[in-house]
Amino acid sequence: MSCRTPYLSRLCLRGTFTVTDLAKVGDLTLTLRYQGGAVAYLNGKEVARGHLTAGQPLADAYPLQPS
């Protein structure tokens, strides 16, 4: 998907990690800051979504000033 306006942007980041002992794995936590909307995937499966309605290409409405 491309953006045809200077007011929209999309940033895709990708990283890897290796689990060598599944017995030692506890909870995994993802922390991020964003403005507009964000979706996170792990191994191709959606694991988190914020301010972005499923199936919609644009972020949900949000206040222009942070609360």
# chains A, B, ... in the order shown; residues from 1 in each chain; ligands from 1
call {"tool": "residues_around", "arguments": {"residues": "Gly50 in chain A", "least_positions_apart": "5", "cutoff": "12 Å", "atoms": "only C-alpha atoms", "output": "PyMOL selection string"}}
result
chain A and resi 31-40+58-62
call {"tool": "write_last_selection", "arguments": {"atoms": "N, CA and C atoms", "output": "tab-separated table (two decimals), in the first residue's frame"}}
result
chain	number	residue	atom	x	y	z
A	31	THR	N	6.22	-3.28	23.67
A	31	THR	CA	5.88	-1.92	24.05
A	31	THR	C	6.24	-1.00	22.90
A	32	LEU	N	5.30	-0.16	22.48
A	32	LEU	CA	5.60	0.80	21.42
A	32	LEU	C	4.76	2.05	21.61
A	33	ARG	N	5.24	3.12	21.04
A	33	ARG	CA	4.51	4.39	21.03
A	33	ARG	C	4.19	4.70	19.58
A	34	TYR	N	2.99	5.18	19.35
A	34	TYR	CA	2.58	5.49	17.99
A	34	TYR	C	1.57	6.62	18.00
A	35	GLN	N	1.39	7.22	16.87
A	35	GLN	CA	0.34	8.23	16.69
A	35	GLN	C	-0.46	7.80	15.48
A	36	GLY	N	-1.74	7.68	15.65
A	36	GLY	CA	-2.62	7.23	14.57
A	36	GLY	C	-3.08	5.82	14.83
A	37	GLY	N	-2.37	4.84	14.35
A	37	GLY	CA	-2.75	3.44	14.55
A	37	GLY	C	-1.55	2.54	14.38
A	38	ALA	N	-1.63	1.34	14.96
A	38	ALA	CA	-0.53	0.39	14.86
A	38	ALA	C	-1.07	-1.03	14.88
A	39	VAL	N	-0.39	-1.92	14.17
A	39	VAL	CA	-0.71	-3.35	14.18
A	39	VAL	C	0.62	-4.09	14.34
A	40	ALA	N	0.64	-5.10	15.22
A	40	ALA	CA	1.85	-5.90	15.43
A	40	ALA	C	1.55	-7.35	15.08
A	58	LEU	N	-7.28	3.12	7.25
A	58	LEU	CA	-6.84	4.31	7.96
A	58	LEU	C	-7.10	4.18	9.45
A	59	ALA	N	-6.35	4.94	10.24
A	59	ALA	CA	-6.49	4.90	11.69
A	59	ALA	C	-7.84	5.46	12.12
A	60	ASP	N	-8.32	4.98	13.28
A	60	ASP	CA	-9.53	5.52	13.88
A	60	ASP	C	-9.30	6.98	14.23
A	61	ALA	N	-10.38	7.72	14.43
A	61	ALA	CA	-10.27	9.11	14.84
A	61	ALA	C	-9.63	9.20	16.22
A	62	TYR	N	-8.77	10.17	16.42
A	62	TYR	CA	-8.14	10.36	17.71
A	62	TYR	C	-7.93	11.86	17.90
call {"tool": "residues_around", "arguments": {"residues": "Leu42 in chain A", "least_positions_apart": "3", "cutoff": "10 Å", "atoms": "only C-alpha atoms", "output": "list in words"}}
result
Arg14, Gly15, Thr16, Lys45, Glu46, Val47 and Ala48 of chain A
call {"tool": "atom_distance", "arguments": {"atom1": "CA of Asn43 in chain A", "atom2": "CA of Phe17 in chain A"}}
result
11.0 Å
call {"tool": "atom_distance", "arguments": {"atom1": "CA of Leu13 in chain A", "atom2": "CA of Tyr41 in chain A"}}
result
10.5 Å
